[in-house]
file target_22.csv (CSV, C-alpha atoms and all ligand atoms)
chain,number,residue,atom,x,y,z
A,1,MET,CA,49.3,120.9,-15.2
A,2,THR,CA,52.2,120.6,-17.6
A,3,GLU,CA,55.3,119.4,-15.6
A,4,LEU,CA,57.9,118.8,-18.3
A,5,ALA,CA,58.5,120.3,-21.7
A,6,TYR,CA,60.7,119.3,-24.6
A,7,VAL,CA,61.7,121.9,-27.3
A,8,ASN,CA,63.8,121.0,-30.3
A,9,GLY,CA,66.0,118.4,-28.6
A,10,THR,CA,66.1,119.7,-25.1
A,11,PHE,CA,64.0,118.7,-22.0
A,12,CYS,CA,63.3,121.6,-19.7
A,13,ASP,CA,60.9,123.0,-17.1
A,14,PRO,CA,57.8,124.3,-18.9
A,15,ALA,CA,58.4,127.7,-17.3
A,16,ASP,CA,61.8,127.9,-19.1
A,17,ALA,CA,60.6,126.5,-22.4
A,18,LYS,CA,61.0,129.0,-25.3
A,19,VAL,CA,59.8,129.2,-28.9
A,20,SER,CA,60.5,132.2,-31.2
A,21,VAL,CA,57.9,134.9,-31.5
A,22,GLU,CA,58.5,134.4,-35.2
A,23,ASP,CA,57.5,130.7,-35.1
A,24,ARG,CA,54.9,130.0,-37.8
A,25,GLY,CA,52.8,128.1,-35.2
A,26,PHE,CA,52.4,131.3,-33.3
A,27,GLN,CA,52.1,133.6,-36.3
A,28,PHE,CA,49.9,131.5,-38.6
A,29,GLY,CA,48.8,128.4,-36.7
A,30,ASP,CA,51.0,126.7,-39.3
A,31,GLY,CA,51.5,123.3,-37.7
A,32,VAL,CA,49.9,120.1,-36.5
A,33,TYR,CA,49.5,118.3,-33.2
A,34,GLU,CA,48.7,115.1,-31.4
A,35,VAL,CA,47.5,114.2,-27.9
A,36,VAL,CA,48.5,110.8,-26.6
A,37,VAL,CA,47.7,109.3,-23.2
A,38,SER,CA,49.3,106.6,-21.1
A,39,TYR,CA,47.3,104.1,-19.0
A,40,ASP,CA,49.4,102.5,-16.3
A,41,ASN,CA,52.7,103.3,-18.0
A,42,ARG,CA,51.7,102.3,-21.6
A,43,LEU,CA,51.3,104.8,-24.3
A,44,PHE,CA,47.8,104.0,-25.6
A,45,LEU,CA,47.4,103.5,-29.4
A,46,LEU,CA,50.7,105.3,-30.0
A,47,ASP,CA,51.2,103.8,-33.4
A,48,ARG,CA,47.8,105.2,-34.6
A,49,HIS,CA,48.6,108.6,-33.2
A,50,LEU,CA,52.0,108.7,-34.9
A,51,ALA,CA,50.4,107.4,-38.2
A,52,ARG,CA,47.9,110.3,-38.0
A,53,LEU,CA,50.7,112.8,-37.3
A,54,HIS,CA,52.5,111.6,-40.5
A,55,ARG,CA,49.2,112.0,-42.5
A,56,SER,CA,48.6,115.5,-41.0
A,57,LEU,CA,52.2,116.6,-41.8
A,58,GLU,CA,52.0,115.3,-45.3
A,59,ALA,CA,48.6,117.0,-45.8
A,60,ILE,CA,50.1,120.4,-45.0
A,61,ASP,CA,53.4,119.7,-47.0
A,62,LEU,CA,55.5,119.9,-43.9
A,63,PRO,CA,58.5,117.6,-44.4
A,64,TYR,CA,59.7,116.0,-41.1
A,65,ASP,CA,62.5,113.5,-40.9
A,66,PHE,CA,61.1,110.9,-38.5
A,67,GLU,CA,64.2,108.7,-39.0
A,68,ALA,CA,66.6,111.4,-37.9
A,69,HIS,CA,64.2,112.7,-35.2
A,70,PRO,CA,62.0,109.9,-34.0
A,71,ILE,CA,59.3,110.9,-31.6
A,72,GLU,CA,58.8,107.8,-29.6
A,73,PRO,CA,62.1,107.8,-27.7
A,74,ILE,CA,61.3,111.4,-26.6
A,75,LEU,CA,57.9,110.3,-25.3
A,76,LEU,CA,59.4,107.4,-23.4
A,77,GLU,CA,62.2,109.6,-21.9
A,78,GLY,CA,59.6,112.2,-20.9
A,79,LEU,CA,57.5,109.5,-19.1
A,80,ARG,CA,60.7,108.2,-17.4
A,81,ARG,CA,61.6,111.7,-16.2
A,82,THR,CA,58.2,112.6,-14.9
A,83,GLY,CA,57.5,109.2,-13.5
A,84,PHE,CA,53.9,109.6,-14.6
A,85,ARG,CA,52.2,106.2,-15.2
A,86,ASP,CA,49.0,108.0,-16.3
A,87,ALA,CA,50.2,110.8,-18.5
A,88,MET,CA,48.8,113.2,-21.1
A,89,VAL,CA,51.4,114.0,-23.8
A,90,TYR,CA,50.9,116.9,-26.2
A,91,ILE,CA,53.0,116.9,-29.4
A,92,GLN,CA,53.1,119.9,-31.7
A,93,ILE,CA,55.2,120.3,-34.8
A,94,THR,CA,55.2,123.6,-36.6
A,95,ARG,CA,56.8,124.7,-39.9
A,96,GLY,CA,59.5,126.6,-37.9
A,97,ALA,CA,60.6,130.1,-37.2
A,98,CYS,CA,61.4,132.7,-40.0
A,99,SER,CA,60.7,136.3,-40.8
A,100,ARG,CA,56.9,136.7,-41.1
A,101,ASP,CA,55.9,135.9,-44.6
A,102,HIS,CA,53.1,133.8,-45.8
A,103,VAL,CA,55.6,131.9,-48.0
A,104,ALA,CA,57.9,129.8,-46.0
A,105,PRO,CA,61.5,129.0,-47.0
A,106,ASP,CA,62.0,125.5,-48.2
A,107,ASP,CA,64.9,124.7,-45.9
A,108,LEU,CA,63.2,125.8,-42.6
A,109,ALA,CA,63.8,123.5,-39.6
A,110,PRO,CA,60.5,122.5,-38.0
A,111,THR,CA,59.8,123.3,-34.4
A,112,THR,CA,59.0,120.3,-32.1
A,113,VAL,CA,57.3,121.0,-28.8
A,114,ILE,CA,56.2,118.1,-26.5
A,115,THR,CA,54.7,118.6,-23.1
A,116,PHE,CA,53.9,116.1,-20.3
A,117,ALA,CA,51.1,116.4,-17.8
A,118,ARG,CA,49.3,114.0,-15.5
A,119,ARG,CA,46.3,112.5,-17.4
A,120,PRO,CA,43.2,114.3,-16.1
A,121,THR,CA,40.2,112.1,-15.3
A,122,LEU,CA,36.6,113.2,-15.6
A,123,ASP,CA,34.6,113.8,-12.5
A,124,ASP,CA,32.4,110.7,-11.8
A,125,ALA,CA,29.3,112.8,-11.3
A,126,TYR,CA,29.8,114.5,-14.7
A,127,ARG,CA,30.3,111.2,-16.4
A,128,GLN,CA,27.1,109.8,-14.9
A,129,LYS,CA,25.1,112.9,-15.8
A,130,GLY,CA,26.4,113.2,-19.3
A,131,ALA,CA,27.2,116.3,-21.3
A,132,GLY,CA,24.9,119.0,-22.6
A,133,VAL,CA,25.9,120.3,-26.0
A,134,MET,CA,24.8,123.1,-28.3
A,135,THR,CA,24.8,122.9,-32.1
A,136,VAL,CA,26.8,125.5,-34.0
A,137,ARG,CA,27.3,126.3,-37.7
A,138,ASP,CA,30.4,124.4,-39.0
A,139,GLU,CA,32.6,127.3,-40.1
A,140,ARG,CA,35.8,125.4,-40.1
A,141,TRP,CA,38.0,124.8,-43.1
A,142,ALA,CA,37.6,122.0,-45.7
A,143,ASN,CA,40.3,119.8,-44.4
A,144,CYS,CA,39.2,118.9,-40.9
A,145,PHE,CA,40.8,115.5,-41.1
A,146,VAL,CA,44.2,117.3,-40.6
A,147,LYS,CA,44.9,117.7,-36.9
A,148,ALA,CA,45.9,121.3,-37.5
A,149,ILE,CA,46.7,123.7,-34.7
A,150,THR,CA,44.5,126.3,-36.4
A,151,LEU,CA,41.7,125.7,-33.9
A,152,LEU,CA,40.0,129.2,-33.7
A,153,PRO,CA,36.5,128.0,-34.9
A,154,ASN,CA,36.7,125.1,-32.4
A,155,VAL,CA,37.8,127.4,-29.5
A,156,LEU,CA,35.1,130.0,-30.3
A,157,ALA,CA,32.4,127.4,-30.5
A,158,LYS,CA,33.4,125.7,-27.2
A,159,ASN,CA,33.7,129.0,-25.4
A,160,ARG,CA,30.3,130.2,-26.6
A,161,ALA,CA,28.7,126.9,-25.6
A,162,ARG,CA,30.3,127.2,-22.1
A,163,ARG,CA,29.0,130.7,-21.7
A,164,LYS,CA,25.5,129.5,-22.5
A,165,GLY,CA,25.7,126.7,-19.9
A,166,TYR,CA,26.5,123.8,-22.2
A,167,ASP,CA,29.6,121.5,-21.9
A,168,ASP,CA,30.5,121.5,-25.6
A,169,ALA,CA,29.2,122.3,-29.1
A,170,ILE,CA,28.5,120.1,-32.1
A,171,PHE,CA,29.3,121.4,-35.6
A,172,VAL,CA,26.4,121.2,-38.1
A,173,THR,CA,26.6,122.3,-41.8
A,174,ASP,CA,24.1,124.8,-43.3
A,175,SER,CA,22.3,121.8,-44.9
A,176,GLY,CA,21.9,120.3,-41.4
A,177,GLU,CA,24.5,117.6,-41.6
A,178,VAL,CA,26.0,116.7,-38.2
A,179,ARG,CA,29.8,116.5,-38.1
A,180,GLU,CA,31.5,116.3,-34.7
A,181,CYS,CA,32.1,118.1,-31.4
A,182,THR,CA,34.8,120.8,-30.9
A,183,SER,CA,37.4,118.2,-29.7
A,184,ALA,CA,35.7,114.9,-29.9
A,185,ASN,CA,33.9,112.7,-32.4
A,186,LEU,CA,30.2,112.0,-32.3
A,187,PHE,CA,28.1,108.8,-32.1
A,188,LEU,CA,24.4,108.2,-31.8
A,189,VAL,CA,22.4,105.0,-31.2
A,190,HIS,CA,19.3,104.4,-33.4
A,191,ALA,CA,17.2,101.3,-33.1
A,192,GLY,CA,20.1,99.3,-31.7
A,193,THR,CA,22.7,100.4,-34.2
A,194,ILE,CA,25.5,102.8,-33.4
A,195,LEU,CA,26.1,105.4,-36.1
A,196,THR,CA,29.1,107.8,-36.5
A,197,PRO,CA,29.7,110.4,-39.3
A,198,PRO,CA,31.9,108.9,-42.0
A,199,ARG,CA,35.6,109.5,-41.8
A,200,THR,CA,35.8,111.9,-44.8
A,201,GLU,CA,37.9,115.1,-45.0
A,202,SER,CA,35.1,116.9,-43.1
A,203,ILE,CA,35.9,115.5,-39.6
A,204,LEU,CA,39.0,114.5,-37.7
A,205,HIS,CA,39.5,110.7,-38.0
A,206,GLY,CA,39.6,110.2,-34.2
A,207,VAL,CA,41.9,107.5,-33.0
A,208,THR,CA,39.4,106.9,-30.2
A,209,GLN,CA,36.5,107.0,-32.8
A,210,GLY,CA,38.1,104.1,-34.6
A,211,TYR,CA,38.9,102.2,-31.4
A,212,VAL,CA,35.3,102.7,-30.1
A,213,MET,CA,34.0,101.2,-33.3
A,214,GLU,CA,36.2,98.2,-32.7
A,215,CYS,CA,35.0,98.0,-29.0
A,216,ALA,CA,31.4,98.1,-30.1
A,217,ALA,CA,31.9,95.3,-32.7
A,218,ARG,CA,33.8,93.2,-30.1
A,219,ILE,CA,30.8,93.2,-27.7
A,220,GLY,CA,28.4,92.5,-30.5
A,221,LEU,CA,26.9,95.9,-31.1
A,222,PRO,CA,26.2,96.9,-34.8
A,223,VAL,CA,28.2,100.0,-35.7
A,224,GLU,CA,28.2,101.9,-39.0
A,225,GLU,CA,29.7,105.1,-40.5
A,226,ARG,CA,26.7,107.0,-41.8
A,227,ARG,CA,25.7,110.6,-42.4
A,228,PHE,CA,22.9,112.0,-40.4
A,229,ASP,CA,21.2,115.4,-39.8
A,230,ASN,CA,20.3,117.5,-36.9
A,231,ALA,CA,16.7,116.3,-36.8
A,232,PHE,CA,17.8,112.6,-36.7
A,233,LEU,CA,20.3,113.4,-34.0
A,234,ARG,CA,17.6,114.8,-31.7
A,235,GLN,CA,15.5,111.7,-32.1
A,236,ALA,CA,18.3,109.4,-31.3
A,237,ASP,CA,18.0,106.9,-28.4
A,238,GLU,CA,21.4,107.8,-27.2
A,239,VAL,CA,24.2,110.2,-28.2
A,240,PHE,CA,27.8,110.1,-27.0
A,241,MET,CA,31.2,111.5,-27.9
A,242,SER,CA,34.7,110.0,-28.0
A,243,SER,CA,38.2,111.4,-27.7
A,244,THR,CA,41.6,110.6,-26.2
A,245,SER,CA,40.7,112.9,-23.3
A,246,VAL,CA,37.1,112.0,-22.5
A,247,GLU,CA,37.3,108.4,-23.7
A,248,VAL,CA,33.5,107.7,-24.2
A,249,LEU,CA,31.2,110.4,-22.7
A,250,GLY,CA,27.4,110.4,-22.9
A,251,ILE,CA,25.6,113.4,-24.3
A,252,THR,CA,22.2,113.8,-22.6
A,253,ARG,CA,21.1,117.2,-23.9
A,254,VAL,CA,21.3,118.9,-27.3
A,255,ASP,CA,20.2,122.5,-27.5
A,256,ASP,CA,17.8,122.3,-24.5
A,257,GLN,CA,16.3,119.1,-25.8
A,258,PRO,CA,16.9,115.9,-23.8
A,259,ILE,CA,18.2,112.9,-25.7
A,260,GLY,CA,16.2,109.7,-25.0
A,261,LYS,CA,15.3,109.8,-21.3
A,262,GLY,CA,17.8,112.5,-20.7
A,263,THR,CA,20.2,110.2,-18.9
A,264,VAL,CA,23.3,108.3,-20.1
A,265,GLY,CA,22.0,105.3,-22.0
A,266,PRO,CA,22.8,101.6,-21.6
A,267,VAL,CA,24.7,101.3,-25.0
A,268,THR,CA,27.0,104.2,-24.1
A,269,MET,CA,27.7,102.6,-20.7
A,270,GLN,CA,28.4,99.2,-22.3
A,271,VAL,CA,30.8,100.8,-24.9
A,272,HIS,CA,32.6,102.8,-22.2
A,273,ALA,CA,32.9,99.7,-20.0
A,274,GLU,CA,34.5,97.8,-22.9
A,275,PHE,CA,36.8,100.8,-23.6
A,276,CYS,CA,37.9,100.9,-19.9
A,277,ARG,CA,38.4,97.2,-19.8
A,278,SER,CA,40.4,97.0,-23.0
A,279,CYS,CA,42.5,100.1,-22.8
A,280,ARG,CA,44.6,98.6,-20.0
A,281,VAL,CA,45.1,95.3,-21.7
A,282,THR,CA,45.2,96.1,-25.3
A,283,ASN,CA,48.1,94.3,-26.9
A,284,GLU,CA,48.4,96.9,-29.7
A,285,ASP,CA,50.8,99.1,-27.7
A,286,THR,CA,54.1,99.7,-29.5
A,287,ALA,CA,57.1,97.5,-28.7
A,288,ALA,CA,58.7,100.6,-27.2
A,289,SER,CA,55.8,101.1,-24.7
A,290,GLN,CA,56.2,97.5,-23.7
A,291,ARG,CA,59.9,98.0,-23.1
A,292,LEU,CA,59.0,100.9,-20.8
A,293,VAL,CA,57.0,98.5,-18.7
A,294,SER,CA,59.7,95.9,-18.3
B,301,LIG,C1,37.8,118.2,-33.8
B,301,LIG,C2,38.2,116.9,-33.1
B,301,LIG,N1,37.5,115.8,-33.3
B,301,LIG,C3,37.7,114.6,-32.7
B,301,LIG,C4,38.8,114.5,-31.8
B,301,LIG,C5,39.1,113.2,-31.2
B,301,LIG,O1,40.2,112.6,-31.7
B,301,LIG,P1,41.1,111.5,-30.8
B,301,LIG,O2,40.1,110.4,-30.5
B,301,LIG,O3,42.1,111.1,-31.8
B,301,LIG,O4,41.6,112.2,-29.6
B,301,LIG,C6,39.6,115.6,-31.6
B,301,LIG,C7,40.7,115.5,-30.6
B,301,LIG,O5,41.4,116.5,-30.4
B,301,LIG,C8,39.3,116.8,-32.2
B,301,LIG,O6,40.0,118.0,-32.0
call {"tool": "encode", "arguments": {"input": "target_22.csv", "output": "structure tokens", "more": "lines below"}}
Ligand SMILES: Cc1ncc(COP(=O)(O)O)c(C=O)c1O
result
Amino acid sequence: MTELAYVNGTFCDPADAKVSVEDRGFQFGDGVYEVVVSYDNRLFLLDRHLARLHRSLEAIDLPYDFEAHPIEPILLEGLRRTGFRDAMVYIQITRGACSRDHVAPDDLAPTTVITFARRPTLDDAYRQKGAGVMTVRDERWANCFVKAITLLPNVLAKNRARRKGYDDAIFVTDSGEVRECTSANLFLVHAGTILTPPRTESILHGVTQGYVMECAARIGLPVEERRFDNAFLRQADEVFMSSTSVEVLGITRVDDQPIGKGTVGPVTMQVHAEFCRSCRVTNEDTAASQRLVS
């Protein structure tokens, strides 16, 4: 549950947080977002999340003055106020509020909303069983590398999957190419090699996806960015997903077909163990996060 909000310069109770009904985020989904977690009081991979936020803002031509309005001090202050050592922080920047018109004025002030919640953890039984996922046609736009708040296709796909008894959906193109889950990247294990779809404009370049590739390499597991299709996915020895929220989560069923033995596989467990070990000791946290600890 969100326990603290920040809107355009002011911290407040989430119940009192207000954004204009004319905000372009609400009217058009005209904005971008990030989700960052903290482990034991350290904002995990914050620099990478902020770098992606820059890229997403640039990709949608939304000018944001990070020097005048730096994000990091707000995050640190929010963690201090909530006292959460394990937090989930949502950052949304929209083009701002103006009379509803597809064309936005050049001088519009962006809207910044940041919310703070305790970091949810996955149920142990679910993590051990692994997720069941359903494949769906990838109907999203051409720039999925932008972490845009226009998530309608993702929301529809995940809700449809849930109604059919699956945990998530995997986007697949008409030609059968496998892309990613609705809010996580995808990996498979084939003959001892870990494969993940290439970080083109067709998928979100997951901060966790990149970090998982580094974890795998560190423990001596070969890992490659490579395209693969739906048929290849079904024959994989193991499949798993990665995201800031689920970390590394095994997928044991795709469209009613078990993957491998239908249980979370050894490579998935090894990668997740390395992720858990390293996320608390990684020395890549920003200087500011380290200041928070001291
Ligand atoms: C479509 C999609 N793919 C992948 C991810 C995983 O990204 P990250 O690891 O940066 O959380 C997300 C996260 O929200 C997402 O929405």
call {"tool": "residues_near_ligand", "arguments": {"input": "target_22.csv", "ligand": "ligand LIG 301 (chain B)", "cutoff": "10 Å", "atoms": "only C-alpha atoms and all ligand atoms", "output": "NGL selection string"}}
result
:A and (33-37 or 45 or 48-49 or 52 or 140 or 144-149 or 151 or 153-155 or 170-171 or 179-186 or 202-212 or 241-248)
call {"tool": "write_last_selection", "arguments": {"input": "target_22.csv", "atoms": "C-alpha atoms", "output": "PDB file, in the frame of the given file"}}
result
ATOM      1  CA  TYR A  33      49.500 118.300 -33.200  1.00  0.00           C
ATOM      2  CA  GLU A  34      48.700 115.100 -31.400  1.00  0.00           C
ATOM      3  CA  VAL A  35      47.500 114.200 -27.900  1.00  0.00           C
ATOM      4  CA  VAL A  36      48.500 110.800 -26.600  1.00  0.00           C
ATOM      5  CA  VAL A  37      47.700 109.300 -23.200  1.00  0.00           C
ATOM      6  CA  LEU A  45      47.400 103.500 -29.400  1.00  0.00           C
ATOM      7  CA  ARG A  48      47.800 105.200 -34.600  1.00  0.00           C
ATOM      8  CA  HIS A  49      48.600 108.600 -33.200  1.00  0.00           C
ATOM      9  CA  ARG A  52      47.900 110.300 -38.000  1.00  0.00           C
ATOM     10  CA  ARG A 140      35.800 125.400 -40.100  1.00  0.00           C
ATOM     11  CA  CYS A 144      39.200 118.900 -40.900  1.00  0.00           C
ATOM     12  CA  PHE A 145      40.800 115.500 -41.100  1.00  0.00           C
ATOM     13  CA  VAL A 146      44.200 117.300 -40.600  1.00  0.00           C
ATOM     14  CA  LYS A 147      44.900 117.700 -36.900  1.00  0.00           C
ATOM     15  CA  ALA A 148      45.900 121.300 -37.500  1.00  0.00           C
ATOM     16  CA  ILE A 149      46.700 123.700 -34.700  1.00  0.00           C
ATOM     17  CA  LEU A 151      41.700 125.700 -33.900  1.00  0.00           C
ATOM     18  CA  PRO A 153      36.500 128.000 -34.900  1.00  0.00           C
ATOM     19  CA  ASN A 154      36.700 125.100 -32.400  1.00  0.00           C
ATOM     20  CA  VAL A 155      37.800 127.400 -29.500  1.00  0.00           C
ATOM     21  CA  ILE A 170      28.500 120.100 -32.100  1.00  0.00           C
ATOM     22  CA  PHE A 171      29.300 121.400 -35.600  1.00  0.00           C
ATOM     23  CA  ARG A 179      29.800 116.500 -38.100  1.00  0.00           C
ATOM     24  CA  GLU A 180      31.500 116.300 -34.700  1.00  0.00           C
ATOM     25  CA  CYS A 181      32.100 118.100 -31.400  1.00  0.00           C
ATOM     26  CA  THR A 182      34.800 120.800 -30.900  1.00  0.00           C
ATOM     27  CA  SER A 183      37.400 118.200 -29.700  1.00  0.00           C
ATOM     28  CA  ALA A 184      35.700 114.900 -29.900  1.00  0.00           C
ATOM     29  CA  ASN A 185      33.900 112.700 -32.400  1.00  0.00           C
ATOM     30  CA  LEU A 186      30.200 112.000 -32.300  1.00  0.00           C
ATOM     31  CA  SER A 202      35.100 116.900 -43.100  1.00  0.00           C
ATOM     32  CA  ILE A 203      35.900 115.500 -39.600  1.00  0.00           C
ATOM     33  CA  LEU A 204      39.000 114.500 -37.700  1.00  0.00           C
ATOM     34  CA  HIS A 205      39.500 110.700 -38.000  1.00  0.00           C
ATOM     35  CA  GLY A 206      39.600 110.200 -34.200  1.00  0.00           C
ATOM     36  CA  VAL A 207      41.900 107.500 -33.000  1.00  0.00           C
ATOM     37  CA  THR A 208      39.400 106.900 -30.200  1.00  0.00           C
ATOM     38  CA  GLN A 209      36.500 107.000 -32.800  1.00  0.00           C
ATOM     39  CA  GLY A 210      38.100 104.100 -34.600  1.00  0.00           C
ATOM     40  CA  TYR A 211      38.900 102.200 -31.400  1.00  0.00           C
ATOM     41  CA  VAL A 212      35.300 102.700 -30.100  1.00  0.00           C
ATOM     42  CA  MET A 241      31.200 111.500 -27.900  1.00  0.00           C
ATOM     43  CA  SER A 242      34.700 110.000 -28.000  1.00  0.00           C
ATOM     44  CA  SER A 243      38.200 111.400 -27.700  1.00  0.00           C
ATOM     45  CA  THR A 244      41.600 110.600 -26.200  1.00  0.00           C
ATOM     46  CA  SER A 245      40.700 112.900 -23.300  1.00  0.00           C
ATOM     47  CA  VAL A 246      37.100 112.000 -22.500  1.00  0.00           C
ATOM     48  CA  GLU A 247      37.300 108.400 -23.700  1.00  0.00           C
ATOM     49  CA  VAL A 248      33.500 107.700 -24.200  1.00  0.00           C
TER      50      VAL A 248
END
call {"tool": "residues_around", "arguments": {"input": "target_22.csv", "residues": "range 88-99 of chain A", "least_positions_apart": "4", "cutoff": "7 Å", "atoms": "only C-alpha atoms", "output": "ChimeraX atom specification"}}
result
/A:20,22-25,30-38,62,108-119
call {"tool": "closest_residue", "arguments": {"input": "target_22.csv", "among": "A:Asn41, A:Gln27, A:Asn143, A:Thr200", "to": "Asp101 in chain A", "atoms": "all atoms listed in the file"}}
result
A:Gln27
call {"tool": "closest_residue", "arguments": {"input": "target_22.csv", "among": "A:Leu4, A:Val267, A:Val254, A:Val21", "to": "Glu77 in chain A", "atoms": "only C-alpha atoms"}}
result
A:Leu4
call {"tool": "atom_distance", "arguments": {"input": "target_22.csv", "atom1": "CA of Thr173 in chain A", "atom2": "CA of Trp141 in chain A"}}
result
11.7 Å
call {"tool": "closest_residue", "arguments": {"input": "target_22.csv", "among": "A:Gly29, A:Thr2, A:Leu188, A:Thr121", "to": "Leu152 in chain A", "atoms": "all atoms listed in the file"}}
result
A:Gly29
call {"tool": "residues_around", "arguments": {"input": "target_22.csv", "residues": "range 214-228 of chain A", "least_positions_apart": "6", "cutoff": "9 Å", "atoms": "only C-alpha atoms", "output": "list of chain:residue names"}}
result
A:Gly176, A:Glu177, A:Val178, A:Arg179, A:Val189, A:Gly192, A:Thr193, A:Ile194, A:Leu195, A:Thr196, A:Pro197, A:Pro198, A:Arg199, A:Val267, A:Gln270, A:Val271, A:His272, A:Glu274, A:Phe275, A:Ser278
call {"tool": "closest_residue", "arguments": {"input": "target_22.csv", "among": "A:Leu46, A:Val172, A:Thr252, A:Ala87", "to": "Glu72 in chain A", "atoms": "only C-alpha atoms"}}
result
A:Leu46
call {"tool": "atom_distance", "arguments": {"input": "target_22.csv", "atom1": "CA of Leu122 in chain A", "atom2": "CA of Cys279 in chain A"}}
result
16.1 Å
call {"tool": "closest_residue", "arguments": {"input": "target_22.csv", "among": "A:Phe44, A:Leu249, A:Ala157, A:Ile60", "to": "Asp123 in chain A", "atoms": "only C-alpha atoms"}}
result
A:Leu249
call {"tool": "closest_atom_pairs", "arguments": {"input": "target_22.csv", "of": "range 42-80 of chain A", "to": "range 10-14 of chain A", "cutoff": "12 Å", "atoms": "only C-alpha atoms", "output": "Markdown table"}}
result
| residue | atom | partner | partner_atom | distance |
| --- | --- | --- | --- | --- |
| A:Ile74 | CA | A:Phe11 | CA | 9.0 |
| A:Leu75 | CA | A:Phe11 | CA | 10.9 |
| A:Glu77 | CA | A:Phe11 | CA | 9.3 |
| A:Gly78 | CA | A:Phe11 | CA | 7.9 |
| A:Leu79 | CA | A:Phe11 | CA | 11.6 |
| A:Arg80 | CA | A:Phe11 | CA | 11.9 |
call {"tool": "atom_distance", "arguments": {"input": "target_22.csv", "atom1": "CA of Arg42 in chain A", "atom2": "CA of Pro70 in chain A"}}
result
17.8 Å
call {"tool": "closest_residue", "arguments": {"input": "target_22.csv", "among": "A:Thr263, A:Ala191, A:Tyr6, A:His54", "to": "Val19 in chain A", "atoms": "all atoms listed in the file"}}
result
A:Tyr6
call {"tool": "build_atoms", "arguments": {"input": "target_22.csv", "residues": "range 183-194 of chain A", "atoms": "N, CA and C atoms", "output": "PDB file, keeping the file's coordinate frame"}}
result
ATOM      1  N   SER A 183      36.169 119.017 -29.877  1.00  0.00           N
ATOM      2  CA  SER A 183      37.400 118.200 -29.700  1.00  0.00           C
ATOM      3  C   SER A 183      37.104 116.786 -29.445  1.00  0.00           C
ATOM      4  N   ALA A 184      36.061 116.303 -30.070  1.00  0.00           N
ATOM      5  CA  ALA A 184      35.700 114.900 -29.900  1.00  0.00           C
ATOM      6  C   ALA A 184      34.797 114.479 -31.078  1.00  0.00           C
ATOM      7  N   ASN A 185      34.769 113.195 -31.365  1.00  0.00           N
ATOM      8  CA  ASN A 185      33.900 112.700 -32.400  1.00  0.00           C
ATOM      9  C   ASN A 185      32.516 112.350 -31.800  1.00  0.00           C
ATOM     10  N   LEU A 186      31.547 112.155 -32.691  1.00  0.00           N
ATOM     11  CA  LEU A 186      30.200 112.000 -32.300  1.00  0.00           C
ATOM     12  C   LEU A 186      29.622 110.625 -32.662  1.00  0.00           C
ATOM     13  N   PHE A 187      28.802 110.058 -31.804  1.00  0.00           N
ATOM     14  CA  PHE A 187      28.100 108.800 -32.100  1.00  0.00           C
ATOM     15  C   PHE A 187      26.658 108.962 -31.684  1.00  0.00           C
ATOM     16  N   LEU A 188      25.747 108.250 -32.369  1.00  0.00           N
ATOM     17  CA  LEU A 188      24.400 108.200 -31.800  1.00  0.00           C
ATOM     18  C   LEU A 188      23.951 106.702 -31.917  1.00  0.00           C
ATOM     19  N   VAL A 189      22.918 106.386 -31.145  1.00  0.00           N
ATOM     20  CA  VAL A 189      22.400 105.000 -31.200  1.00  0.00           C
ATOM     21  C   VAL A 189      20.927 105.163 -31.688  1.00  0.00           C
ATOM     22  N   HIS A 190      20.652 104.409 -32.767  1.00  0.00           N
ATOM     23  CA  HIS A 190      19.300 104.400 -33.400  1.00  0.00           C
ATOM     24  C   HIS A 190      18.867 103.002 -33.602  1.00  0.00           C
ATOM     25  N   ALA A 191      17.759 102.642 -32.997  1.00  0.00           N
ATOM     26  CA  ALA A 191      17.200 101.300 -33.100  1.00  0.00           C
ATOM     27  C   ALA A 191      18.260 100.205 -32.998  1.00  0.00           C
ATOM     28  N   GLY A 192      19.077 100.339 -31.992  1.00  0.00           N
ATOM     29  CA  GLY A 192      20.100  99.300 -31.700  1.00  0.00           C
ATOM     30  C   GLY A 192      21.357  99.379 -32.469  1.00  0.00           C
ATOM     31  N   THR A 193      21.440 100.300 -33.444  1.00  0.00           N
ATOM     32  CA  THR A 193      22.700 100.400 -34.200  1.00  0.00           C
ATOM     33  C   THR A 193      23.395 101.725 -33.809  1.00  0.00           C
ATOM     34  N   ILE A 194      24.725 101.614 -33.709  1.00  0.00           N
ATOM     35  CA  ILE A 194      25.500 102.800 -33.400  1.00  0.00           C
ATOM     36  C   ILE A 194      25.984 103.435 -34.686  1.00  0.00           C
TER      37      ILE A 194
END
